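Okay, data-v4.cif now, which holds mmCIF, C-alpha atoms and all ligand atoms:
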```
data_query
loop_
_atom_site.label_atom_id
_atom_site.label_comp_id
_atom_site.auth_asym_id
_atom_site.auth_seq_id
_atom_site.Cartn_x
_atom_site.Cartn_y
_atom_site.Cartn_z
CA MET N 9 12.61 11.84 -15.89
CA ASN N 10 9.88 14.00 -14.36
CA ILE N 11 7.87 12.00 -11.84
CA LEU N 12 4.64 12.67 -9.94
CA VAL N 13 3.87 10.85 -6.69
CA ILE N 14 0.20 10.87 -5.62
CA GLY N 15 -0.37 10.74 -1.85
CA SER N 16 1.21 12.49 1.11
CA GLY N 17 1.65 10.08 4.04
CA GLY N 18 4.66 8.26 5.48
CA ARG N 19 4.55 5.66 2.71
CA GLU N 20 4.68 8.32 -0.02
CA ASN N 21 7.45 10.14 1.87
CA ALA N 22 9.47 6.88 1.74
CA ILE N 23 8.70 6.44 -1.97
CA CYS N 24 9.81 10.04 -2.65
CA LEU N 25 13.05 9.64 -0.72
CA LYS N 26 13.91 6.51 -2.69
CA ILE N 27 13.08 8.25 -5.98
CA LYS N 28 15.27 11.21 -4.96
CA GLN N 29 18.25 8.83 -4.72
CA SER N 30 17.94 7.98 -8.41
CA GLN N 31 20.22 9.40 -11.09
CA LYS N 32 17.28 9.18 -13.48
CA LEU N 33 15.17 11.79 -11.68
CA ASN N 34 14.80 15.22 -13.14
CA ASN N 35 11.93 16.90 -11.24
CA LEU N 36 9.80 15.36 -8.51
CA TYR N 37 6.19 16.52 -8.10
CA THR N 38 3.77 15.52 -5.34
CA LEU N 39 0.11 16.06 -4.50
CA PRO N 40 -2.09 16.80 -2.55
CA LYS N 41 -0.96 19.89 -0.63
CA ASN N 42 1.34 19.08 2.26
CA SER N 43 3.69 21.58 3.86
CA VAL N 44 6.47 19.04 4.63
CA PHE N 45 6.39 17.58 1.14
CA GLU N 46 7.22 21.09 -0.12
CA LYS N 47 10.65 20.60 1.43
CA PHE N 48 11.68 17.85 -0.98
CA SER N 49 9.38 18.15 -3.99
CA GLU N 50 7.32 20.58 -6.00
CA ASN N 51 4.11 20.07 -4.04
CA LEU N 52 0.77 20.91 -5.65
CA ASP N 53 -2.64 21.72 -4.29
CA ILE N 54 -4.50 19.18 -6.44
CA ASN N 55 -6.88 16.55 -5.07
CA PRO N 56 -5.83 12.92 -5.82
CA ASN N 57 -9.33 12.31 -7.18
CA ASP N 58 -9.21 15.28 -9.57
CA PHE N 59 -8.14 13.21 -12.56
CA GLU N 60 -8.54 16.02 -15.06
CA GLY N 61 -6.40 18.30 -12.90
CA ILE N 62 -3.71 15.60 -12.62
CA SER N 63 -3.77 14.95 -16.35
CA LYS N 64 -3.37 18.66 -17.07
CA LEU N 65 -0.49 18.86 -14.58
CA CYS N 66 1.24 15.96 -16.35
CA GLU N 67 0.92 17.79 -19.64
CA ASP N 68 2.09 21.16 -18.25
CA LYS N 69 5.09 19.76 -16.38
CA LYS N 70 5.96 17.05 -18.92
CA ILE N 71 5.56 14.34 -16.29
CA GLU N 72 6.60 10.97 -17.67
CA LEU N 73 5.64 8.67 -14.83
CA VAL N 74 2.93 8.82 -12.16
CA VAL N 75 3.35 6.70 -9.02
CA VAL N 76 0.09 6.20 -7.10
CA GLY N 77 0.46 5.63 -3.34
CA PRO N 78 -3.03 5.21 -1.81
CA GLU N 79 -5.87 2.86 -2.76
CA ASP N 80 -8.62 5.47 -3.01
CA PRO N 81 -7.66 7.07 -6.34
CA LEU N 82 -6.83 3.62 -7.74
CA SER N 83 -10.26 2.33 -6.79
CA ARG N 84 -11.80 5.33 -8.55
CA GLY N 85 -9.89 4.64 -11.75
CA VAL N 86 -7.03 7.15 -11.74
CA SER N 87 -4.83 4.76 -13.73
CA ASP N 88 -7.50 4.08 -16.35
CA TYR N 89 -7.99 7.82 -16.82
CA LEU N 90 -4.31 8.76 -17.04
CA VAL N 91 -3.35 5.78 -19.21
CA SER N 92 -6.15 6.77 -21.62
CA LYS N 93 -4.38 10.15 -21.91
CA GLY N 94 -1.12 8.44 -22.80
CA ILE N 95 0.50 8.84 -19.35
CA LYS N 96 2.56 6.04 -17.83
CA VAL N 97 1.22 4.98 -14.43
CA PHE N 98 2.63 2.80 -11.66
CA GLY N 99 -0.57 1.43 -10.11
CA PRO N 100 -3.24 -0.92 -11.47
CA LYS N 101 -6.34 0.03 -13.42
CA LEU N 102 -9.85 -0.60 -12.03
CA LYS N 103 -9.97 -4.24 -13.00
CA GLY N 104 -6.96 -4.86 -10.75
CA ALA N 105 -7.76 -2.24 -8.10
CA VAL N 106 -11.10 -3.88 -7.31
CA LEU N 107 -9.14 -6.75 -5.71
CA GLU N 108 -8.69 -4.36 -2.80
CA SER N 109 -11.83 -2.26 -2.99
CA SER N 110 -14.17 -5.27 -2.91
CA LYS N 111 -13.44 -8.12 -0.56
CA GLN N 112 -16.12 -10.13 -2.33
CA VAL N 113 -14.28 -9.77 -5.64
CA ALA N 114 -11.01 -10.67 -3.90
CA LYS N 115 -12.42 -13.79 -2.23
CA GLU N 116 -14.11 -15.02 -5.39
CA PHE N 117 -10.91 -14.37 -7.37
CA MET N 118 -8.93 -16.44 -4.86
CA PHE N 119 -11.53 -19.20 -4.82
CA ARG N 120 -11.71 -19.68 -8.58
CA ASN N 121 -7.93 -19.43 -8.96
CA TYR N 122 -7.05 -21.90 -6.18
CA ILE N 123 -5.23 -19.29 -4.09
CA PRO N 124 -5.31 -20.54 -0.49
CA THR N 125 -7.53 -18.39 1.73
CA ALA N 126 -9.97 -18.76 4.65
CA GLU N 127 -13.36 -20.43 3.99
CA PHE N 128 -16.03 -17.80 3.50
CA LYS N 129 -19.63 -16.94 2.77
CA ILE N 130 -20.98 -13.74 1.28
CA PHE N 131 -24.20 -12.07 2.44
CA TYR N 132 -26.29 -9.33 0.84
CA ASP N 133 -28.98 -9.37 3.53
CA SER N 134 -28.46 -8.96 7.29
CA ASN N 135 -31.25 -11.40 8.21
CA TYR N 136 -29.64 -14.21 6.24
CA ALA N 137 -26.25 -13.30 7.73
CA LYS N 138 -27.62 -13.43 11.29
CA GLU N 139 -29.41 -16.71 10.64
CA TYR N 140 -26.16 -18.22 9.38
CA ILE N 141 -24.15 -16.90 12.34
CA ASN N 142 -26.76 -18.26 14.76
CA GLY N 143 -26.06 -21.73 13.43
CA LEU N 144 -22.30 -21.49 13.92
CA THR N 145 -20.76 -23.79 16.51
CA LYS N 146 -17.21 -22.46 16.36
CA PHE N 147 -15.90 -19.03 17.37
CA PRO N 148 -14.05 -16.74 16.76
CA VAL N 149 -15.42 -15.88 13.37
CA VAL N 150 -14.27 -13.01 11.17
CA ILE N 151 -16.72 -10.51 9.71
CA LYS N 152 -15.63 -8.16 6.96
CA ALA N 153 -17.37 -5.30 5.21
CA ASP N 154 -17.05 -5.68 1.45
CA GLY N 155 -15.82 -2.18 0.58
CA LEU N 156 -12.97 0.13 1.59
CA CYS N 157 -13.12 1.16 5.28
CA SER N 158 -9.61 2.57 5.93
CA GLY N 159 -8.57 -0.68 7.59
CA LYS N 160 -11.51 -0.68 10.04
CA GLY N 161 -13.90 -3.00 8.23
CA VAL N 162 -12.67 -6.28 9.72
CA ARG N 163 -13.86 -7.66 13.06
CA VAL N 164 -12.63 -10.78 14.75
CA CYS N 165 -15.73 -11.78 16.76
CA ASN N 166 -15.22 -14.00 19.80
CA ASP N 167 -18.86 -14.93 20.34
CA LEU N 168 -22.32 -14.77 18.83
CA ASP N 169 -23.14 -11.36 20.35
CA GLU N 170 -20.06 -9.73 18.85
CA ALA N 171 -20.80 -11.29 15.49
CA VAL N 172 -24.42 -10.10 15.48
CA LYS N 173 -23.26 -6.62 16.47
CA ALA N 174 -20.78 -6.57 13.56
CA VAL N 175 -23.54 -7.54 11.12
CA GLU N 176 -25.80 -4.82 12.51
CA ASP N 177 -23.08 -2.17 12.50
CA PHE N 178 -21.98 -2.92 8.93
CA MET N 179 -25.28 -3.81 7.24
CA GLU N 180 -28.03 -2.09 9.20
CA LYS N 181 -26.44 0.98 10.82
CA ARG N 182 -24.12 1.28 7.81
CA ILE N 183 -21.29 2.71 9.90
CA PHE N 184 -19.10 2.52 6.78
CA GLY N 185 -21.82 3.60 4.38
CA SER N 186 -22.20 1.55 1.22
CA SER N 187 -18.99 -0.39 2.03
CA GLY N 188 -21.19 -2.48 4.37
CA MET N 189 -23.87 -3.30 1.81
CA LYS N 190 -22.38 -6.79 1.55
CA ILE N 191 -20.37 -8.67 4.15
CA ILE N 192 -18.08 -11.66 4.20
CA VAL N 193 -18.29 -14.12 7.08
CA GLU N 194 -14.98 -15.89 7.23
CA GLU N 195 -13.23 -18.75 8.98
CA TYR N 196 -10.81 -17.58 11.68
CA LEU N 197 -7.21 -18.43 10.89
CA SER N 198 -4.48 -18.57 13.50
CA GLY N 199 -0.76 -18.19 13.02
CA LYS N 200 1.80 -15.47 12.44
CA GLU N 201 1.08 -12.82 9.85
CA CYS N 202 3.45 -11.52 7.21
CA SER N 203 3.25 -9.15 4.28
CA VAL N 204 4.52 -10.02 0.82
CA MET N 205 4.86 -7.26 -1.74
CA CYS N 206 5.75 -7.79 -5.39
CA PHE N 207 6.30 -5.50 -8.35
CA VAL N 208 4.06 -6.78 -11.15
CA ASP N 209 4.28 -5.67 -14.80
CA GLY N 210 1.29 -7.71 -16.04
CA LYS N 211 3.31 -10.82 -16.88
CA LYS N 212 6.26 -10.96 -14.52
CA TYR N 213 6.89 -10.19 -10.88
CA LEU N 214 9.72 -9.25 -8.55
CA MET N 215 9.37 -10.15 -4.90
CA MET N 216 10.45 -7.69 -2.22
CA PRO N 217 11.76 -8.86 1.16
CA LEU N 218 9.03 -10.23 3.42
CA SER N 219 7.88 -7.82 6.11
CA ARG N 220 5.55 -7.69 9.09
CA ASP N 221 3.10 -5.04 10.16
CA HIS N 222 2.08 -4.50 13.82
CA LYS N 223 -1.55 -3.50 13.57
CA ARG N 224 -2.68 -3.22 17.19
CA LEU N 225 -2.25 0.06 19.07
CA LYS N 226 -0.56 -1.35 22.16
CA ASP N 227 2.31 -3.65 23.08
CA ASP N 228 1.76 -7.42 23.02
CA ASN N 229 -0.86 -6.96 20.28
CA GLU N 230 -3.43 -5.37 22.53
CA GLY N 231 -5.78 -2.47 21.97
CA PRO N 232 -7.70 -1.59 18.82
CA ASN N 233 -6.57 -2.24 15.25
CA THR N 234 -4.83 0.71 13.63
CA GLY N 235 -3.44 1.50 10.20
CA GLY N 236 -0.17 -0.01 11.51
CA MET N 237 2.09 0.94 14.44
CA GLY N 238 5.34 -0.40 13.03
CA ALA N 239 6.95 -2.85 10.65
CA VAL N 240 10.07 -4.93 10.28
CA ALA N 241 11.91 -6.44 7.35
CA PRO N 242 13.09 -8.92 6.32
CA VAL N 243 10.91 -11.49 8.04
CA GLU N 244 12.67 -14.84 8.04
CA ALA N 245 10.71 -17.77 6.63
CA ASP N 246 11.85 -21.34 6.13
CA LYS N 247 12.43 -22.71 2.62
CA GLU N 248 9.17 -24.65 2.50
CA THR N 249 7.11 -21.63 3.55
CA LEU N 250 8.82 -19.48 0.94
CA ARG N 251 8.24 -22.13 -1.72
CA ARG N 252 4.54 -22.26 -0.89
CA ILE N 253 4.22 -18.47 -0.85
CA GLU N 254 5.72 -18.34 -4.34
CA GLU N 255 4.09 -21.40 -5.88
CA ASP N 256 0.68 -21.46 -4.22
CA ILE N 257 0.11 -17.74 -3.96
CA ILE N 258 2.27 -15.58 -6.24
CA TRP N 259 2.39 -17.93 -9.26
CA ARG N 260 -1.33 -18.60 -9.06
CA PHE N 261 -1.97 -14.87 -8.78
CA MET N 262 0.18 -14.21 -11.87
CA GLU N 263 -1.50 -16.97 -13.87
CA ALA N 264 -4.86 -15.59 -12.84
CA VAL N 265 -4.16 -12.00 -13.88
CA ILE N 266 -2.91 -13.22 -17.25
CA ARG N 267 -5.84 -15.62 -17.72
CA GLU N 268 -8.39 -13.01 -16.64
CA ARG N 269 -6.72 -10.32 -18.75
CA ILE N 270 -6.06 -7.96 -15.88
CA ASP N 271 -3.25 -5.76 -17.14
CA TYR N 272 -1.81 -5.38 -13.65
CA ARG N 273 1.06 -2.87 -13.33
CA GLY N 274 2.22 -1.78 -9.91
CA VAL N 275 2.54 -3.45 -6.53
CA ILE N 276 0.48 -6.38 -5.33
CA TYR N 277 0.49 -6.83 -1.58
CA PHE N 278 -0.52 -10.16 -0.07
CA GLY N 279 -1.49 -10.06 3.60
CA ILE N 280 -0.68 -13.62 4.62
CA MET N 281 -1.39 -15.81 7.64
CA LEU N 282 1.22 -18.53 8.13
CA THR N 283 -1.08 -21.30 9.35
CA ASP N 284 -0.29 -24.92 10.21
CA ASP N 285 -1.83 -25.77 6.82
CA GLY N 286 0.54 -23.42 5.02
CA PRO N 287 0.34 -19.76 4.03
CA LYS N 288 -3.15 -18.38 3.33
CA VAL N 289 -4.10 -14.98 1.93
CA LEU N 290 -6.06 -12.68 4.26
CA GLU N 291 -6.27 -9.75 1.88
CA PHE N 292 -4.91 -8.13 -1.24
CA ASN N 293 -3.77 -4.55 -1.34
CA VAL N 294 -3.18 -3.13 -4.78
CA ARG N 295 -0.47 -0.73 -3.64
CA PHE N 296 2.46 -0.50 -1.28
CA GLY N 297 1.62 -1.39 2.34
CA ASP N 298 1.83 1.26 5.01
CA PRO N 299 4.04 1.08 7.15
CA GLU N 300 5.73 -1.99 5.54
CA THR N 301 6.99 0.15 2.66
CA GLN N 302 8.86 2.41 5.07
CA ALA N 303 10.75 -0.67 6.33
CA VAL N 304 11.26 -2.33 2.94
CA LEU N 305 12.29 0.41 0.49
CA GLY N 306 15.48 1.27 2.37
CA LEU N 307 16.67 -2.33 1.91
CA ILE N 308 16.41 -2.18 -1.89
CA ASP N 309 19.78 -1.57 -3.51
CA ASP N 310 18.58 -0.99 -7.10
CA ASP N 311 17.55 2.26 -8.74
CA ILE N 312 13.87 2.43 -7.85
CA VAL N 313 13.01 4.66 -10.80
CA ASP N 314 14.20 1.92 -13.18
CA ILE N 315 11.98 -0.60 -11.37
CA PHE N 316 8.95 1.74 -11.37
CA ASP N 317 9.49 2.57 -15.03
CA GLU N 318 9.92 -1.05 -16.12
CA THR N 319 6.87 -2.09 -14.09
CA ALA N 320 4.64 0.68 -15.45
CA SER N 321 5.87 -0.02 -19.00
CA GLY N 322 4.98 -3.71 -18.70
CA GLU N 323 8.64 -4.60 -19.21
CA ILE N 324 10.38 -5.83 -16.10
CA LYS N 325 13.80 -6.81 -17.43
CA ARG N 326 15.61 -8.05 -14.33
CA THR N 327 14.92 -11.36 -12.61
CA SER N 328 15.46 -10.21 -9.03
CA ILE N 329 15.96 -7.13 -6.91
CA LYS N 330 19.27 -6.34 -5.20
CA ILE N 331 18.68 -6.38 -1.46
CA LYS N 332 21.01 -5.01 1.21
CA LYS N 333 21.95 -7.55 3.86
CA GLN N 334 20.43 -5.51 6.67
CA ASN N 335 17.45 -5.49 8.98
CA SER N 336 15.11 -2.57 9.29
CA VAL N 337 12.73 -1.60 12.06
CA CYS N 338 10.10 1.08 11.48
CA VAL N 339 8.30 2.53 14.49
CA VAL N 340 5.24 4.74 14.14
CA LEU N 341 4.84 7.65 16.54
CA SER N 342 1.13 8.40 16.86
CA ALA N 343 -0.90 11.26 18.26
CA GLU N 344 -3.08 11.31 21.35
CA GLY N 345 -6.51 9.86 20.58
CA TYR N 346 -5.35 7.74 17.61
CA PRO N 347 -7.01 5.77 16.01
CA GLU N 348 -10.46 7.13 16.99
CA ASN N 349 -9.97 10.87 17.33
CA PRO N 350 -6.36 11.95 16.89
CA VAL N 351 -5.47 15.37 18.28
CA LYS N 352 -3.65 17.67 15.85
CA GLY N 353 -1.53 20.77 16.24
CA ASP N 354 1.02 19.82 18.92
CA GLU N 355 4.57 21.00 18.30
CA ILE N 356 7.14 18.26 17.66
CA PHE N 357 10.56 18.70 19.29
CA GLY N 358 13.87 16.95 18.77
CA LEU N 359 13.77 16.15 15.05
CA ASP N 360 17.16 17.86 14.70
CA LYS N 361 18.71 15.35 17.12
CA ILE N 362 18.06 12.25 15.00
CA ASP N 363 21.13 10.33 13.76
CA PRO N 364 21.70 10.77 10.02
CA ASP N 365 21.74 7.03 9.27
CA LEU N 366 18.07 6.71 10.26
CA ASP N 367 15.19 7.53 7.94
CA VAL N 368 12.51 9.84 9.30
CA TYR N 369 9.25 9.95 7.37
CA TYR N 370 6.52 12.52 7.90
CA ALA N 371 3.22 10.67 8.00
CA GLY N 372 1.04 13.40 9.50
CA VAL N 373 3.08 16.56 10.04
CA ARG N 374 2.64 20.25 9.27
CA TYR N 375 5.70 22.46 8.75
CA GLU N 376 5.56 26.16 9.47
CA ASN N 377 8.40 28.69 9.77
CA GLY N 378 10.97 26.07 10.75
CA ARG N 379 8.67 24.35 13.26
CA TYR N 380 6.91 21.00 13.00
CA PHE N 381 3.39 20.21 14.27
CA THR N 382 1.33 17.03 14.49
CA ASN N 383 -1.26 16.89 11.72
CA GLY N 384 -2.70 13.37 11.69
CA GLY N 385 -3.08 10.13 13.65
CA ARG N 386 0.16 8.54 12.58
CA VAL N 387 2.62 11.40 12.90
CA LEU N 388 6.17 10.14 12.26
CA ASN N 389 7.81 6.94 11.09
CA LEU N 390 11.39 6.32 12.23
CA VAL N 391 13.34 3.59 10.49
CA GLY N 392 16.58 2.16 11.86
CA TYR N 393 18.91 -0.16 9.93
CA ALA N 394 21.53 -2.56 11.26
CA ASP N 395 23.07 -5.98 10.73
CA THR N 396 20.64 -7.58 13.14
CA MET N 397 17.04 -6.90 14.07
CA GLU N 398 18.07 -6.39 17.69
CA LEU N 399 20.59 -3.67 16.77
CA ALA N 400 18.14 -1.98 14.43
CA ARG N 401 15.59 -1.96 17.24
CA LYS N 402 18.11 -0.48 19.65
CA LYS N 403 19.03 2.26 17.21
CA VAL N 404 15.50 3.28 16.44
CA TYR N 405 14.34 3.33 20.06
CA GLU N 406 17.41 5.30 21.17
CA ASN N 407 16.54 7.95 18.61
CA ILE N 408 12.85 7.99 19.52
CA SER N 409 13.81 8.97 23.06
CA ARG N 410 15.11 12.28 21.63
CA ILE N 411 11.73 13.18 20.09
CA ASN N 412 8.72 14.42 21.93
CA PHE N 413 5.35 15.99 21.45
CA ARG N 414 2.36 16.19 23.77
CA GLY N 415 0.43 12.92 23.76
CA MET N 416 3.11 11.01 21.77
CA HIS N 417 2.49 7.26 21.71
CA TYR N 418 4.44 4.36 20.22
CA ARG N 419 4.81 0.63 20.69
CA LYS N 420 7.94 -0.54 22.48
CA ASP N 421 7.82 -4.07 21.06
CA ILE N 422 8.18 -3.59 17.30
CA GLY N 423 10.33 -6.45 16.04
CA LEU N 424 9.99 -8.56 19.18
CA LEU N 425 7.13 -10.73 17.87
P1 LIG R 1 -7.61 -7.62 6.39
O1 LIG R 1 -7.88 -6.15 6.18
O2 LIG R 1 -8.53 -8.53 5.68
O3 LIG R 1 -6.16 -7.98 6.25
O4 LIG R 1 -7.84 -7.83 7.95
C1 LIG R 1 -7.19 -7.03 8.93
C2 LIG R 1 -6.65 -7.92 10.01
O5 LIG R 1 -7.66 -8.72 10.56
C3 LIG R 1 -5.59 -8.90 9.52
O6 LIG R 1 -4.32 -8.32 9.45
C4 LIG R 1 -5.70 -9.99 10.55
O7 LIG R 1 -4.98 -9.64 11.71
C5 LIG R 1 -7.16 -10.01 10.87
N1 LIG R 1 -7.85 -11.02 10.03
C6 LIG R 1 -8.43 -10.86 8.83
N2 LIG R 1 -8.95 -12.00 8.36
C7 LIG R 1 -8.70 -12.93 9.29
C8 LIG R 1 -8.97 -14.34 9.40
N3 LIG R 1 -9.66 -14.99 8.46
N4 LIG R 1 -8.54 -14.98 10.50
C9 LIG R 1 -7.88 -14.33 11.48
N5 LIG R 1 -7.59 -13.01 11.44
C10 LIG R 1 -7.98 -12.32 10.37
N1 LIG R 2 -0.15 -2.45 6.34
C1 LIG R 2 -1.38 -2.80 5.79
C2 LIG R 2 -1.89 -1.88 4.78
O1 LIG R 2 -1.16 -1.11 4.20
O2 LIG R 2 -3.07 -1.91 4.50
#
```

Kindly transcribe the structure held in the file into C-alpha cells.
Ligand code: AMP
Ligand code: GLY
Amino acid sequence: MNILVIGSGGRENAICLKIKQSQKLNNLYTLPKNSVFEKFSENLDINPNDFEGISKLCEDKKIELVVVGPEDPLSRGVSDYLVSKGIKVFGPKLKGAVLESSKQVAKEFMFRNYIPTAEFKIFYDSNYAKEYINGLTKFPVVIKADGLCSGKGVRVCNDLDEAVKAVEDFMEKRIFGSSGMKIIVEEYLSGKECSVMCFVDGKKYLMMPLSRDHKRLKDDNEGPNTGGMGAVAPVEADKETLRRIEEDIIWRFMEAVIRERIDYRGVIYFGIMLTDDGPKVLEFNVRFGDPETQAVLGLIDDDIVDIFDETASGEIKRTSIKIKKQNSVCVVLSAEGYPENPVKGDEIFGLDKIDPDLDVYYAGVRYENGRYFTNGGRVLNLVGYADTMELARKKVYENISRINFRGMHYRKDIGLL
C-alpha cells in the first residue's frame, strides 16, 4: 500500500516509524518539506492546506491511504476534500473536526450528550463576560478561547484580575485573532489528568493504553503551559475509573456520533480530569495527541497499517488492540526560549550515541550534510521502554545525558507524577 502522512513533527515521525514496520507498506510519502523526513520517506514540498496539490499527489503516486497528523488541515476540511475525490483518509471530516476547532461546539456536544464535563458558560461579548466574572465568588476559574490557539488558549485564572485580563486579551485585544471572538468560562476541576485515545471507524472504537502528558515547562508542574514536555504510558487506573471512562465517556461519545450522523474516522482523543466525582472531559482532540502518541504507538503490537486502513474504511474488524506489556517514557528536549520564542539553528551532538532500543523522534530538527540542527521549539523526543516505569525512566534519562545542544532544556520528572 502507498501511504501519505501529512505533518512533520515528532508525532508524525512516530506514526511514520510505526507504518515503516508494516509488511503492508509499499511506499511512504510525507509532507510538508522537512529535511529529516527525507531520510525515511519520500518527502514533498507541498503545504498541508494545499488540498488540490495533495489530491494531485495522491493520483500521481497512486496513494491509497492518507493519514492526517495535525488538527489544522482537518479543521479546514482536508478529509472532506480528499474523500470527495475518492481517496481514503484517516482523520475526521469537518463535522467531526469541529469538536476540536470550536470549544463551544465541543462543550455543547458534551452537554446534550450527557458526557461529563466542567460546568460552563459561553460569551460572545466581553462586557457580559466581565459582568459574569465580577459576580463569581469562587476562584480559580478557567477561561478558554473558542477557536484553535496552538494549545495557548486556556487560562486557569486564580483571581478576578487574572480572569478580567484573560477576557480582555482574548476578546478585546484578540491576541489569538478570531479564535477569541467567543470565550468559554468554565468551572475549575481538580485531580490528575490523563489522555485517552481511541481509533474510531464511525461505529466502533478501539481504545489505546491510557497515557499522560506533562504540559508545564518545568519540573513539579511549574512554568508556562507548553505543547507537552513529555508523556508516559500506560497510566494505571482502577477498574471503576476505567469503567466510567468507557461507559460515561467513550460509549456516550460513540452513541452521539452515530445519532448526530458524524461519520467519524480516525482518532478521538479525550483529555480527562480524574476528579473525585469521576472522570470528566476537559477537551477533545480529533487526532493523535502530541507527545502522547510518541509514548503509546511503540506499545502497540499489531500492524498499524491494518488498523489505519480498517479505521479509514469504516470497518474495524478486531475487538481489541494487542498491547506489549511494557512501560514507555517519552521526554521532550526543547530549545532555548521555548515556548515563547524558541531559538533555532544550534547543532545537535550525540545522536549517534543513543542505544538502539530507544526511539528517537525528530520534532523540530533540520538535517544537513550529516549534521543535525535545532529547527523548532520542541526539538527531539526520546522514548525509552522497559518492564517498569522506573526502568524506562532510567533508560531514557541515561541516554539524554549523551545528547547536547546549546540551550537544551528538558524536564527531569517525566513519569514521577
Ligand atoms: P484544554 O486545551 O482544554 O485541555 O486545556 C489545557 C489544560 O488546561 C488542560 O490540560 C488542563 O491542565 C487545564 N484545564 C483545562 N480546563 C480545565 C478545567 N476546567 N479545570 C482545570 N484545569 C483545566
Ligand atoms: N498533548 C495534547 C495535545 O496533543 O493537544

Within 6 Å of ligand LIG 2 (chain R), which residues show up when you count only C-alpha atoms and all ligand atoms? List them as a VMD selection string, please. chain N and resid 221 236 297 to 300

Keeping only C-alpha atoms, write the selected residues to a file as a CSV table (one decimal), in the coordinates of the input.
```csv
chain,number,residue,atom,x,y,z
N,221,ASP,CA,3.1,-5.0,10.2
N,236,GLY,CA,-0.2,0.0,11.5
N,297,GLY,CA,1.6,-1.4,2.3
N,298,ASP,CA,1.8,1.3,5.0
N,299,PRO,CA,4.0,1.1,7.2
N,300,GLU,CA,5.7,-2.0,5.5
```

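Closest to ligand LIG 1 (chain R) among N:Pro100, N:Gly385, N:Gly231, N:Gly161 is N:Gly161, based on all atoms listed in the file.
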
Using all atoms listed in the file, which residues sit within 8 Å of Leu341 in chain N once same-chain residues fewer than 5 positions away are excluded, as a PyMOL selection string? chain N and resi 237+386-390+416-418

Can I get the residues close to ligand LIG 1 (chain R) as a PyMOL selection string, where close means within 6 Å and we count only C-alpha atoms and all ligand atoms? chain N and resi 126+150+159+162+194-198+279+290-291

List the neighbours of Pro78 in chain N out to 12 Å using all atoms listed in the file; skip same-chain residues closer than 3 positions along the sequence, and give me the result as an MDAnalysis selection string. chainID N and resid 13:20 23 39:40 56:57 75 81:84 86 98:100 105 108:109 156 158 274:275 293:298

Write out as an MDAnalysis selection string which residues come within 9 Å of Ile130 in chain N when counting all atoms listed in the file, dropping same-chain ones fewer than 4 positions away. chainID N and resid 112 137 154 190:194

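Excluding Phe316 in chain N and any residue on its chain fewer than 5 positions from it, the residues at most 10 Å away by all atoms listed in the file are N:Ile27, N:Leu73, N:Val74, N:Val75, N:Val97, N:Phe98, N:Gly99, N:Phe207, N:Val208, N:Asp209, N:Arg273, N:Gly274, N:Val275, N:Asp311, N:Ser321, N:Gly322, N:Ile324.
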
Would you pick out the contacts of Lys69 in chain N at 10 Å or less, using all atoms listed in the file, so that residues sharing its chain but fewer than 3 positions from it are not included, and give the list as a list in words? Asn10, Ile11, Leu12, Asn35, Tyr37, Lys64, Leu65, Cys66 and Glu72 of chain N

Residues as selected, C-alpha atoms, written as an mmCIF file, in the coordinates of the input, can you do that?
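The resulting file, selection-v3.cif, is reproduced below:
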```cif
data_model
loop_
_atom_site.group_PDB
_atom_site.id
_atom_site.type_symbol
_atom_site.label_atom_id
_atom_site.label_comp_id
_atom_site.auth_asym_id
_atom_site.auth_seq_id
_atom_site.Cartn_x
_atom_site.Cartn_y
_atom_site.Cartn_z
ATOM 1 C CA ASN N 10 9.880 14.000 -14.360
ATOM 2 C CA ILE N 11 7.870 12.000 -11.840
ATOM 3 C CA LEU N 12 4.640 12.670 -9.940
ATOM 4 C CA ASN N 35 11.930 16.900 -11.240
ATOM 5 C CA TYR N 37 6.190 16.520 -8.100
ATOM 6 C CA LYS N 64 -3.370 18.660 -17.070
ATOM 7 C CA LEU N 65 -0.490 18.860 -14.580
ATOM 8 C CA CYS N 66 1.240 15.960 -16.350
ATOM 9 C CA GLU N 72 6.600 10.970 -17.670
#
```

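Going from CA of Phe278 in chain N to CA of Arg224 in chain N covers 18.7 Å.
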
Once 5 Å is added on each side, what centre and edge lengths in Å to one decimal does the axis-aligned box around all listed atoms of range 176-184 of chain N have, as JSON?
```
{"center_x": -23.6, "center_y": -1.1, "center_z": 9.6, "size_x": 18.9, "size_y": 17.5, "size_z": 15.7}
```

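Atom pair CA of Leu102 in chain N / CA of Glu79 in chain N has a distance of 10.7 Å (rounded to one decimal).
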
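The closest residue to Ile280 in chain N, picked from N:Met397, N:Ile257, N:Leu366, N:Val404 and counting all atoms listed in the file, is N:Ile257.
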
Residue completion, range 161-167 of chain N, N, CA and C atoms, as a CSV table (one decimal), in the coordinates of the input:
```
chain,number,residue,atom,x,y,z
N,161,GLY,N,-12.7,-2.2,8.6
N,161,GLY,CA,-13.9,-3.0,8.2
N,161,GLY,C,-13.8,-4.5,8.5
N,162,VAL,N,-12.8,-4.9,9.4
N,162,VAL,CA,-12.7,-6.3,9.7
N,162,VAL,C,-12.8,-6.5,11.2
N,163,ARG,N,-13.7,-7.4,11.6
N,163,ARG,CA,-13.9,-7.7,13.1
N,163,ARG,C,-13.7,-9.1,13.3
N,164,VAL,N,-12.8,-9.4,14.3
N,164,VAL,CA,-12.6,-10.8,14.8
N,164,VAL,C,-13.6,-10.9,15.9
N,165,CYS,N,-14.7,-11.7,15.8
N,165,CYS,CA,-15.7,-11.8,16.8
N,165,CYS,C,-15.6,-13.0,17.6
N,166,ASN,N,-15.5,-12.9,18.9
N,166,ASN,CA,-15.2,-14.0,19.8
N,166,ASN,C,-16.5,-14.8,20.2
N,167,ASP,N,-17.6,-14.2,20.0
N,167,ASP,CA,-18.9,-14.9,20.3
N,167,ASP,C,-20.0,-14.4,19.5
```
